[in-house]
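Next comes start.csv, with CSV, C-alpha atoms.
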chain,number,residue,atom,x,y,z
A,32,MET,CA,5.0,15.9,29.1
A,33,HIS,CA,4.4,16.3,25.4
A,34,LYS,CA,3.2,19.9,26.1
A,35,ILE,CA,6.7,20.9,27.2
A,36,SER,CA,7.9,21.3,23.6
A,37,LEU,CA,5.0,23.7,22.8
A,38,VAL,CA,5.6,25.8,25.8
A,39,ILE,CA,9.3,26.1,25.0
A,40,GLY,CA,8.6,26.8,21.3
A,41,CYS,CA,6.3,29.7,22.2
A,42,GLY,CA,8.7,31.0,24.8
A,43,VAL,CA,11.5,31.2,22.2
A,44,VAL,CA,9.3,33.0,19.7
A,45,LEU,CA,8.2,35.5,22.2
A,46,SER,CA,11.8,36.1,23.3
A,47,CYS,CA,12.9,36.9,19.7
A,48,GLY,CA,11.5,40.4,19.8
A,49,ALA,CA,13.8,41.3,22.6
A,50,ALA,CA,16.8,39.3,21.5
A,51,GLN,CA,20.1,40.8,20.6
A,52,ALA,CA,21.9,39.6,17.5
A,53,ASP,CA,24.5,37.7,19.6
A,54,ASP,CA,21.8,36.0,21.6
A,55,PHE,CA,19.5,34.7,18.8
A,56,THR,CA,20.7,32.6,15.9
A,57,VAL,CA,18.8,31.0,13.0
A,58,SER,CA,20.0,28.3,10.6
A,59,GLY,CA,18.4,26.0,8.2
A,60,PHE,CA,18.8,23.1,5.8
A,61,ALA,CA,17.0,21.8,2.7
A,62,THR,CA,17.0,18.9,0.3
A,63,LEU,CA,15.5,18.8,-3.2
A,64,SER,CA,15.5,15.2,-4.4
A,65,ALA,CA,14.0,13.0,-7.1
A,66,SER,CA,13.9,9.2,-7.0
A,67,ARG,CA,12.7,6.5,-9.4
A,68,LEU,CA,12.3,2.7,-9.0
A,69,SER,CA,12.5,0.2,-11.8
A,70,THR,CA,9.0,-1.2,-11.2
A,71,ASP,CA,5.5,0.1,-11.4
A,72,ASN,CA,4.0,-2.2,-8.8
A,73,ALA,CA,6.1,-1.3,-5.8
A,74,ALA,CA,7.2,1.9,-4.2
A,75,PHE,CA,10.4,3.1,-2.3
A,76,ARG,CA,10.1,5.3,0.7
A,77,SER,CA,13.0,6.5,2.9
A,78,ASP,CA,11.0,6.5,6.1
A,79,SER,CA,8.4,4.2,7.7
A,80,ARG,CA,6.4,7.4,8.5
A,81,GLN,CA,5.7,7.9,4.8
A,82,PRO,CA,2.4,6.3,3.5
A,83,ASN,CA,3.6,5.9,-0.1
A,84,GLY,CA,6.8,6.4,-2.1
A,85,ALA,CA,8.5,6.5,-5.5
A,86,GLY,CA,7.5,4.1,-8.2
A,87,ASN,CA,8.4,3.9,-11.9
A,88,SER,CA,8.3,7.7,-12.3
A,89,TRP,CA,10.3,10.5,-10.8
A,90,ASP,CA,9.1,11.4,-7.3
A,91,ALA,CA,10.4,14.1,-5.0
A,92,ALA,CA,8.5,12.8,-1.9
A,93,PRO,CA,10.9,10.3,-0.3
A,94,ASP,CA,13.8,12.6,0.5
A,95,SER,CA,12.9,16.3,-0.1
A,96,LYS,CA,12.6,18.4,3.0
A,97,VAL,CA,13.2,21.8,4.5
A,98,GLY,CA,14.1,22.7,8.1
A,99,VAL,CA,14.7,25.8,10.2
A,100,GLN,CA,16.4,26.0,13.6
A,101,GLY,CA,16.3,28.9,16.0
A,102,SER,CA,18.3,29.2,19.2
A,103,TYR,CA,18.2,31.8,21.9
A,104,ARG,CA,20.8,32.2,24.7
A,105,PHE,CA,19.2,33.6,27.9
A,106,SER,CA,22.6,33.4,29.8
A,107,ASP,CA,25.9,31.7,29.6
A,108,LYS,CA,24.3,28.6,31.2
A,109,LEU,CA,20.7,28.6,29.8
A,110,SER,CA,19.6,28.4,26.2
A,111,ALA,CA,16.6,27.2,24.1
A,112,THR,CA,16.4,25.6,20.7
A,113,VAL,CA,13.5,24.9,18.4
A,114,THR,CA,13.7,23.0,15.1
A,115,GLY,CA,10.9,22.7,12.6
A,116,ILE,CA,10.9,20.4,9.6
A,117,ALA,CA,8.5,20.0,6.6
A,118,GLN,CA,8.7,16.8,4.6
A,119,HIS,CA,6.4,14.0,3.3
A,120,ASN,CA,4.7,12.6,6.3
A,121,VAL,CA,2.2,9.9,7.4
A,122,ASN,CA,-0.8,12.2,6.6
A,123,ASN,CA,0.4,12.3,2.9
A,124,THR,CA,1.1,16.0,3.3
A,125,THR,CA,4.2,18.2,3.9
A,126,SER,CA,2.8,20.0,6.9
A,127,PRO,CA,5.6,21.0,9.3
A,128,ARG,CA,6.4,19.4,12.6
A,129,ILE,CA,8.4,20.5,15.6
A,130,GLU,CA,11.3,18.0,15.7
A,131,TRP,CA,13.2,19.6,18.6
A,132,ALA,CA,12.2,22.1,21.2
A,133,TYR,CA,14.2,22.1,24.4
A,134,LEU,CA,15.8,24.1,27.2
A,135,ASP,CA,19.5,23.4,27.8
A,136,TYR,CA,21.1,24.2,31.1
A,137,HIS,CA,24.9,23.9,31.8
A,138,LEU,CA,25.4,22.8,35.4
A,139,SER,CA,29.2,22.8,34.7
A,140,PRO,CA,31.6,22.9,31.8
A,141,SER,CA,31.3,19.1,31.5
A,142,LEU,CA,27.6,18.5,32.3
A,143,GLU,CA,24.4,19.9,30.8
A,144,ILE,CA,20.7,19.0,31.3
A,145,ARG,CA,18.1,19.3,28.5
A,146,ALA,CA,14.4,19.1,28.8
A,147,GLY,CA,11.6,19.3,26.2
A,148,ARG,CA,11.4,17.7,22.8
A,149,LEU,CA,14.7,16.0,22.1
A,150,GLY,CA,16.1,13.8,19.3
A,151,LEU,CA,16.1,10.1,20.1
A,152,PRO,CA,19.8,9.0,20.2
A,153,ALA,CA,19.3,5.7,18.4
A,154,PHE,CA,22.0,5.9,15.7
A,155,LEU,CA,25.5,7.1,15.0
A,156,ALA,CA,23.9,9.9,12.8
A,157,SER,CA,21.0,10.8,15.0
A,158,ASP,CA,22.1,14.3,15.7
A,159,TYR,CA,22.3,15.2,12.0
A,160,LEU,CA,20.1,12.5,10.3
A,161,ASN,CA,17.6,15.1,9.0
A,162,VAL,CA,20.3,17.3,7.5
A,163,ASN,CA,21.2,15.4,4.4
A,164,TYR,CA,24.0,17.8,3.5
A,165,THR,CA,26.0,16.5,6.5
A,166,MET,CA,26.0,13.0,5.1
A,167,THR,CA,28.2,11.6,2.4
A,168,ALA,CA,25.4,9.6,0.8
A,169,VAL,CA,21.9,10.7,-0.5
A,170,ARG,CA,20.4,9.3,2.7
A,171,GLY,CA,21.1,7.0,5.6
A,172,PRO,CA,20.7,3.3,4.6
A,173,VAL,CA,17.1,2.4,5.1
A,174,GLU,CA,18.0,-1.1,6.2
A,175,VAL,CA,19.2,0.4,9.5
A,176,TYR,CA,17.5,3.8,9.8
A,177,SER,CA,13.9,2.6,9.0
A,178,GLN,CA,13.8,0.2,11.9
A,179,LEU,CA,12.4,2.9,14.2
A,180,PRO,CA,9.4,5.1,13.5
A,181,ILE,CA,10.4,7.4,16.4
A,182,SER,CA,12.8,10.2,15.8
A,183,HIS,CA,12.2,12.3,18.9
A,184,PHE,CA,10.7,12.1,22.4
A,185,ASP,CA,9.4,14.5,25.1
A,186,GLY,CA,11.4,14.3,28.2
A,187,VAL,CA,14.9,14.9,29.6
A,188,ASP,CA,18.4,13.9,28.9
A,189,ALA,CA,21.9,14.7,30.2
A,190,LEU,CA,25.2,15.2,28.3
A,191,TRP,CA,28.3,14.4,30.4
A,192,ARG,CA,31.6,15.0,28.7
A,193,THR,CA,34.9,13.7,30.1
A,194,LYS,CA,38.2,12.2,28.9
A,195,ALA,CA,39.6,8.7,29.3
A,196,GLY,CA,43.2,8.9,28.3
A,197,ASN,CA,43.2,10.4,24.8
A,198,VAL,CA,39.5,9.5,24.2
A,199,ASN,CA,36.9,12.2,24.5
A,200,LEU,CA,33.7,10.6,26.0
A,201,THR,CA,30.1,11.8,25.9
A,202,VAL,CA,27.6,9.9,28.0
A,203,GLN,CA,23.9,10.6,27.4
A,204,PRO,CA,21.2,9.0,29.6
A,205,MET,CA,17.6,9.8,28.6
A,206,LEU,CA,14.0,9.3,29.8
A,207,GLY,CA,10.7,10.3,28.3
A,208,HIS,CA,7.6,9.6,26.2
A,209,ALA,CA,7.0,9.5,22.4
A,210,ASP,CA,3.8,9.5,20.4
A,211,PHE,CA,4.2,8.3,16.8
A,212,LYS,CA,2.5,7.2,13.6
A,213,ALA,CA,3.8,4.9,11.0
A,214,ALA,CA,2.6,3.3,7.8
A,215,PHE,CA,2.8,-0.5,7.2
A,216,SER,CA,4.6,-1.6,4.0
A,217,ASP,CA,1.4,-3.0,2.5
A,218,ALA,CA,0.1,-1.4,-0.8
A,219,ALA,CA,-2.6,0.5,1.1
A,220,GLY,CA,-0.1,2.1,3.5
A,221,THR,CA,-2.2,1.1,6.6
A,222,ILE,CA,-1.6,3.6,9.4
A,223,ALA,CA,-0.6,2.6,12.9
A,224,SER,CA,-0.6,4.9,15.9
A,225,GLY,CA,1.6,4.3,18.9
A,226,LYS,CA,2.8,5.5,22.3
A,227,ALA,CA,6.1,4.6,23.9
A,228,ASP,CA,7.7,5.3,27.3
A,229,VAL,CA,11.4,5.3,26.5
A,230,TYR,CA,14.6,5.2,28.5
A,231,GLY,CA,18.2,4.5,27.6
A,232,VAL,CA,21.8,5.6,27.3
A,233,ASN,CA,24.1,6.6,24.5
A,234,VAL,CA,27.9,6.6,24.7
A,235,VAL,CA,30.1,8.3,22.1
A,236,GLY,CA,33.9,8.2,22.1
A,237,GLU,CA,36.2,10.3,19.9
A,238,VAL,CA,39.9,9.8,19.3
A,239,GLY,CA,41.8,11.3,16.5
A,240,ASN,CA,39.9,10.7,13.2
A,241,TRP,CA,37.8,8.0,14.8
A,242,THR,CA,34.3,8.1,16.4
A,243,LEU,CA,32.8,5.1,18.2
A,244,ARG,CA,29.2,4.9,19.5
A,245,ALA,CA,27.2,2.4,21.5
A,246,GLY,CA,23.6,2.8,22.7
A,247,TYR,CA,20.6,1.1,24.2
A,248,ILE,CA,17.0,2.2,24.3
A,249,GLY,CA,14.3,0.3,26.2
A,250,ALA,CA,10.6,1.0,25.8
A,251,LYS,CA,7.1,0.0,26.8
A,252,VAL,CA,5.2,0.3,23.5
A,253,SER,CA,1.5,0.3,22.6
A,254,ILE,CA,0.4,0.3,19.0
A,255,GLU,CA,-3.1,0.5,17.4
A,256,SER,CA,-4.2,0.0,13.8
A,257,GLU,CA,-7.7,-0.7,12.6
A,258,PRO,CA,-7.0,-4.0,10.7
A,259,THR,CA,-4.9,-5.4,13.6
A,260,ASP,CA,-7.5,-4.4,16.2
A,261,GLN,CA,-10.2,-6.1,14.2
A,262,LEU,CA,-8.2,-9.2,13.9
A,263,ILE,CA,-7.5,-9.3,17.6
A,264,ALA,CA,-11.2,-8.8,18.3
A,265,GLY,CA,-12.1,-11.7,16.0
A,266,LEU,CA,-9.6,-14.0,17.7
A,267,GLN,CA,-11.1,-13.1,21.1
A,268,GLY,CA,-14.6,-13.7,19.8
A,269,MET,CA,-13.8,-17.2,18.7
A,270,GLY,CA,-12.0,-18.1,22.0
A,271,ALA,CA,-8.4,-17.8,20.8
A,272,GLY,CA,-7.6,-15.3,23.6
A,273,ASP,CA,-4.0,-16.6,24.0
A,274,VAL,CA,-3.2,-15.8,20.3
A,275,ALA,CA,-5.0,-12.5,20.6
A,276,ASN,CA,-2.9,-11.5,23.6
A,277,ARG,CA,0.3,-12.4,21.8
A,278,LEU,CA,-0.7,-10.3,18.8
A,279,ALA,CA,-1.8,-7.3,20.9
A,280,TYR,CA,0.7,-4.5,21.3
A,281,ASN,CA,-0.2,-3.1,24.8
A,282,LYS,CA,2.7,-1.8,26.7
A,283,GLU,CA,4.9,-4.4,25.2
A,284,ARG,CA,8.5,-4.4,26.3
A,285,SER,CA,10.8,-3.6,23.4
A,286,SER,CA,14.3,-2.5,22.9
A,287,PHE,CA,16.7,-1.1,20.3
A,288,SER,CA,20.5,-1.3,20.6
A,289,GLY,CA,23.4,-0.6,18.3
A,290,ILE,CA,27.1,0.1,17.8
A,291,GLY,CA,28.7,2.3,15.2
A,292,ILE,CA,32.1,3.4,14.1
A,293,ALA,CA,33.2,6.2,11.7
A,294,TYR,CA,36.5,7.3,10.3
A,295,ASP,CA,37.3,10.6,8.5
A,296,ASN,CA,40.8,11.9,7.9
A,297,GLY,CA,39.7,14.5,5.4
A,298,THR,CA,40.3,12.2,2.4
A,299,LEU,CA,39.2,8.7,3.3
A,300,ILE,CA,35.7,8.2,4.8
A,301,GLY,CA,34.4,5.0,6.5
A,302,GLN,CA,31.3,4.4,8.5
A,303,SER,CA,29.4,1.4,9.8
A,304,GLU,CA,26.6,0.5,12.2
A,305,TYR,CA,25.1,-2.7,13.5
A,306,THR,CA,21.6,-2.5,15.1
A,307,MET,CA,19.2,-4.8,16.8
A,308,ARG,CA,15.4,-4.3,17.2
A,309,ARG,CA,13.6,-6.5,19.6
A,310,ALA,CA,9.9,-5.6,19.0
A,311,HIS,CA,8.0,-8.8,20.0
A,312,SER,CA,4.3,-9.3,19.2
A,313,PHE,CA,3.4,-8.9,15.5
A,314,LEU,CA,6.4,-6.6,14.6
A,315,ALA,CA,9.4,-8.6,13.6
A,316,ASP,CA,12.7,-8.7,15.5
A,317,THR,CA,15.4,-7.5,13.2
A,318,ASN,CA,19.1,-7.2,12.9
A,319,ALA,CA,20.6,-4.7,10.5
A,320,TRP,CA,24.0,-3.3,9.3
A,321,TYR,CA,25.6,-1.2,6.7
A,322,VAL,CA,29.2,-0.4,5.7
A,323,LEU,CA,30.0,2.9,3.8
A,324,GLY,CA,33.3,3.8,2.2
A,325,GLY,CA,34.2,7.0,0.3
A,326,TYR,CA,37.2,8.9,-1.0
A,327,ARG,CA,37.4,12.7,-1.5
A,328,LEU,CA,38.9,13.9,-4.7
A,329,GLY,CA,38.8,17.6,-4.5
A,330,LYS,CA,35.1,18.6,-4.8
A,331,PHE,CA,34.1,15.1,-5.7
A,332,THR,CA,33.5,12.1,-3.3
A,333,PRO,CA,32.7,8.7,-4.9
A,334,TYR,CA,31.2,6.3,-2.3
A,335,ALA,CA,29.8,2.8,-2.0
A,336,ILE,CA,27.4,1.3,0.6
A,337,ALA,CA,26.5,-2.3,1.4
A,338,ALA,CA,23.5,-2.8,3.8
A,339,GLN,CA,21.2,-5.5,5.0
A,340,GLN,CA,18.1,-5.9,7.3
A,341,LYS,CA,17.1,-9.4,8.5
A,342,ALA,CA,14.0,-10.5,10.3
A,343,ILE,CA,15.0,-13.1,12.9
A,344,SER,CA,11.6,-13.8,14.6
A,345,PRO,CA,9.0,-16.3,13.3
A,346,THR,CA,6.9,-15.0,10.4
A,347,SER,CA,4.1,-17.6,11.0
A,348,TRP,CA,2.5,-19.2,14.1
A,349,SER,CA,1.4,-22.9,13.9
A,350,ASP,CA,-1.2,-22.7,16.7
A,351,VAL,CA,-3.6,-20.2,15.1
A,352,PRO,CA,-7.1,-21.7,14.6
A,353,ALA,CA,-8.7,-21.6,11.2
A,354,PRO,CA,-10.1,-19.5,9.6
A,355,MET,CA,-8.0,-16.8,11.3
A,356,SER,CA,-4.6,-18.5,10.6
A,357,SER,CA,-4.3,-17.0,7.1
A,358,PHE,CA,-5.0,-13.4,8.5
A,359,VAL,CA,-2.6,-13.8,11.4
A,360,ASN,CA,0.2,-15.3,9.5
A,361,GLY,CA,-0.3,-12.8,6.7
A,362,LEU,CA,0.2,-10.0,9.2
A,363,LEU,CA,3.4,-11.7,10.5
A,364,ALA,CA,4.7,-12.3,7.0
A,365,ALA,CA,4.2,-8.7,6.1
A,366,GLY,CA,6.6,-7.8,8.9
A,367,ASN,CA,9.4,-9.7,7.2
A,368,THR,CA,11.2,-6.8,5.7
A,369,SER,CA,14.4,-8.6,5.1
A,370,GLN,CA,16.4,-7.1,2.2
A,371,ARG,CA,19.9,-6.3,1.2
A,372,SER,CA,21.2,-3.5,-1.0
A,373,LEU,CA,24.4,-2.3,-2.8
A,374,SER,CA,24.7,1.4,-3.7
A,375,LEU,CA,27.2,3.5,-5.7
A,376,GLY,CA,27.1,7.2,-5.5
A,377,MET,CA,28.9,10.5,-6.2
A,378,ARG,CA,28.8,13.7,-4.1
A,379,TRP,CA,29.8,17.0,-5.8
A,380,ASP,CA,30.4,20.0,-3.5
A,381,PHE,CA,30.2,22.5,-6.3
A,382,MET,CA,29.8,25.6,-4.2
A,383,LYS,CA,29.9,26.6,-0.5
A,384,ASN,CA,27.2,24.8,1.6
A,385,VAL,CA,25.7,23.2,-1.4
A,386,ALA,CA,26.2,19.6,-2.6
A,387,ALA,CA,24.7,17.6,-5.5
A,388,LYS,CA,24.5,13.9,-5.2
A,389,ALA,CA,23.6,11.0,-7.5
A,390,GLN,CA,23.1,7.4,-6.1
A,391,TYR,CA,22.2,4.1,-7.7
A,392,SER,CA,21.0,1.3,-5.5
A,393,ARG,CA,20.3,-2.4,-6.3
A,394,ILE,CA,17.7,-3.6,-3.7
A,395,THR,CA,17.2,-7.3,-3.3
A,396,PRO,CA,14.4,-8.7,-1.0
A,397,ASP,CA,15.9,-11.7,0.9
A,398,HIS,CA,14.5,-15.2,0.6
A,399,GLY,CA,11.1,-15.4,2.4
A,400,SER,CA,10.5,-11.7,2.1
A,401,SER,CA,7.9,-10.6,-0.5
A,402,ALA,CA,9.3,-7.1,-1.0
A,403,GLY,CA,11.8,-6.3,1.7
A,404,LEU,CA,11.3,-2.7,2.8
A,405,LEU,CA,9.5,-1.7,-0.5
A,406,MET,CA,5.7,-1.1,-0.3
A,407,TYR,CA,4.0,-3.9,-2.2
A,408,ASP,CA,0.9,-6.1,-2.4
A,409,ALA,CA,2.2,-9.4,-1.0
A,410,SER,CA,-0.6,-11.3,-2.7
A,411,LYS,CA,1.2,-10.7,-6.0
A,412,GLY,CA,4.0,-12.9,-4.8
A,413,PRO,CA,7.7,-12.2,-4.2
A,414,LEU,CA,9.3,-9.1,-5.8
A,415,ASN,CA,12.5,-9.4,-7.7
A,416,ALA,CA,15.5,-7.2,-7.2
A,417,GLN,CA,14.9,-3.6,-8.1
A,418,ASN,CA,17.0,-0.6,-9.2
A,419,LEU,CA,16.6,2.7,-7.5
A,420,LEU,CA,18.1,5.9,-8.9
A,421,THR,CA,18.2,9.2,-6.9
A,422,PHE,CA,19.4,12.7,-7.6
A,423,SER,CA,19.5,15.3,-4.8
A,424,LEU,CA,20.6,18.8,-4.1
A,425,ASP,CA,21.4,19.5,-0.4
A,426,THR,CA,22.2,22.8,1.3
A,427,VAL,CA,22.6,24.4,4.7
A,428,PHE,CA,22.1,28.0,5.4
The structure in this file should be written as structure tokens.
Amino acid sequence: MHKISLVIGCGVVLSCGAAQADDFTVSGFATLSASRLSTDNAAFRSDSRQPNGAGNSWDAAPDSKVGVQGSYRFSDKLSATVTGIAQHNVNNTTSPRIEWAYLDYHLSPSLEIRAGRLGLPAFLASDYLNVNYTMTAVRGPVEVYSQLPISHFDGVDALWRTKAGNVNLTVQPMLGHADFKAAFSDAAGTIASGKADVYGVNVVGEVGNWTLRAGYIGAKVSIESEPTDQLIAGLQGMGAGDVANRLAYNKERSSFSGIGIAYDNGTLIGQSEYTMRRAHSFLADTNAWYVLGGYRLGKFTPYAIAAQQKAISPTSWSDVPAPMSSFVNGLLAAGNTSQRSLSLGMRWDFMKNVAAKAQYSRITPDHGSSAGLLMYDASKGPLNAQNLLTFSLDTVF
């Protein structure tokens, strides 16, 4: 099914030559950003798909990006959309990727079916998470948004829109497959490759200045990484097959669910989400939340964010035989990314479709976590609270 997006992308490109101006539209977005952490032995990254991040020198990698979207309307009912993004990725390059590439067919004014490469509807901000200009803050809080290394899937979904009293409802069931890569938070940025069969439903309600969202995603996930595979093989070789099976990530049933609420009356801004990842195996089960508040004063919008991620599954197993226990429990402990943060920021919309932002964050690894979500060598012991400063320039065009 992953070939669908390539076919759709080629089809749209070939159609452009014959497209009329009203049928073909192109838009884009970009972020130029620089971040600096207050330590030289850890690194901040905005996405688990980044193999390294910003340390004690200014670094543009965590948030800088550029994206282009093209849409072609074949008829009043059928259209196609392709979105490409270039940003710091798991290969330590900025090579572009196809983020969206799908066909959209309207069966009726209230029901549409989409097929191809689609955004995974995991968060309140999933539809615009890559477009930093649309967000009040520099970025979505990593405590919540870094829980999933999957941003898109190849498959189908439906959008059914209806009204319940004065509430506008959108119900979005989805089904598909995702291939992904992510980097562990160890200092070496160990790469893991994964596959996931995903299914779920997303429900959004809008009434007045309020938006409410609830969603659930289930998955069968397989993950491979060289160190983990070697560890599993070693356990099997010494007869600890039960521990090896618990550690293996082979079509493991996982889930991700969350609720969110947003308020915007043109002056006062409020937004919050609470999410739960149930990963099982060596990945930690986590709960996470954030609360954002802002106030528009003409072209300026000061804001504040409080956020936390908490690992709720065991970070050590008592039944692992020596000498493998230190390796197994080291892997489990590395998954304890518990941290909390407080951020203060300012957004300045100084010209049309362009916003400058500055954000200060105080990041504190929770008790039992060596570094929270920061990349760090856990053998050096726990990491103290860190300061992160980010400046960014966001635009849409």
Checklist entry - For A:Lys383, which of A:Tyr230, A:Trp320, A:Tyr294, A:Phe428 is the closest residue, counting only C-alpha atoms? => result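 Going through A:Tyr230, A:Trp320, A:Tyr294, A:Phe428 one by one, the smallest distance to A:Lys383 is for A:Phe428.
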Quiz prompt | Residue nearest A:Ser66 among A:Val187, A:Met205, A:Val169, A:Ile144 (counting only C-alpha atoms) | solution =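 Under the stated criterion, the closest residue is A:Val169.
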Residues near A:Pro354, cut-off 12 Å, all atoms listed in the file, skip fewer than 2 positions along chain, as a PyMOL selection string: chain A and resi 262+265-266+269+271+350-352+356-360
Discussion item. Using all atoms listed in the file, can you tell me which of A:Pro93, A:Gly289, A:Gly186, A:Gly220 comes closest to A:Ser64?
Written reply: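 Looking at the shortest contact to A:Ser64, the residue is A:Pro93.
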**Prompt:** Any idea what's packed within 12 Å of stretch 191-200 of chain A, counting only C-alpha atoms, ignoring anything in its chain fewer than 6 positions away? Could you give it as an MDAnalysis selection string?
**Reply:** chainID A and resid 137:145 232:245
Place a sphere of radius 7 Å on (8.8, 20.8, 10.2) in the file coordinates and name every protein, DNA or RNA residue with an atom inside or on its surface, counting only C-alpha atoms; give the answer as a list of chain:residue names.
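Result, sorted by chain then residue number: A:Gly98, A:Gly115, A:Ile116, A:Ala117, A:Gln118, A:Ser126, A:Pro127, A:Arg128, A:Ile129, A:Glu130.
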Taken to one decimal, the atom CA of A:Phe55-atom CA of A:Phe105 distance is 9.2 Å
Can I get the residues of stretch 202-291 of chain A within 10 Å of stretch 67-74 of chain A, each with the closest pair of atoms and their distance in Å to one decimal, using all atoms listed in the file, sorted chain first then ascending number, as a Markdown table?
| residue | atom | partner | partner_atom | distance |
| --- | --- | --- | --- | --- |
| A:Ser216 | CA | A:Ala74 | CA | 9.3 |
| A:Asp217 | CA | A:Ala73 | CA | 9.7 |
| A:Ala218 | CA | A:Ala73 | CA | 7.8 |
For A:Ala416, which residue out of A:Ser400, A:Gln267, A:Asn296, A:Asn120 is the nearest one, using only C-alpha atoms?
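Looking only at the distances to A:Ala416, the closest residue turns out to be A:Ser400.
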Closest to A:Arg80 among A:Thr165, A:Ser224, A:Ser110, A:Ser401, using only C-alpha atoms?
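Closest to A:Arg80 of all the choices is A:Ser224.
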Problem - Who sits within 8 Å of stretch 308-311 of chain A, all atoms listed in the file, same chain under 2 positions skipped, as a list in words - result: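 Result of the neighbour search: Gln178, Glu283, Arg284, Ser285, Ser286, Phe287, Ser288, Thr306, Phe313, Leu314, Ala315, Asp316, Thr317 and Asn318 of chain A.
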Name the residues, using the chain letters and numbers of the file, that sit within 6 Å of (8.8, 3.2, 6.0) when counting all atoms listed in the file, and give them as a PyMOL selection string. chain A and resi 76+78-81+177
Using only C-alpha atoms, please write the residues we just selected to a file, as a PDB file, in the coordinates of the input.
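The file below, result.pdb, is the result:
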ATOM      1  CA  ARG A  76      10.100   5.300   0.700  1.00  0.00           C
ATOM      2  CA  ASP A  78      11.000   6.500   6.100  1.00  0.00           C
ATOM      3  CA  SER A  79       8.400   4.200   7.700  1.00  0.00           C
ATOM      4  CA  ARG A  80       6.400   7.400   8.500  1.00  0.00           C
ATOM      5  CA  GLN A  81       5.700   7.900   4.800  1.00  0.00           C
ATOM      6  CA  SER A 177      13.900   2.600   9.000  1.00  0.00           C
TER       7      SER A 177
END
Of A:Phe184, A:Tyr407, A:Phe75, A:Phe422, the one nearest to A:Asp210 when counting only C-alpha atoms is A:Phe184
task = Might you pull out every residue within 7 Å of A:Leu149, with all atoms listed in the file counted and same-chain residues fewer than 5 positions away left off, and present them as a list in words?
result = Trp131, Ala132, Tyr133, His183, Phe184 and Asp185 of chain A
So the first atom is atom CA of A:Ala61 and the second is atom CA of A:Ser157; what is the distance between them in Å, to one decimal place?
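Computing the Euclidean distance for atom CA of A:Ala61 and atom CA of A:Ser157 yields 17.0 Å.
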Checklist line | Atom-to-atom span, atom CA of A:Gly59 and atom CA of A:Thr112, Å | finding: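 Here the two named atoms are 12.7 Å from each other.
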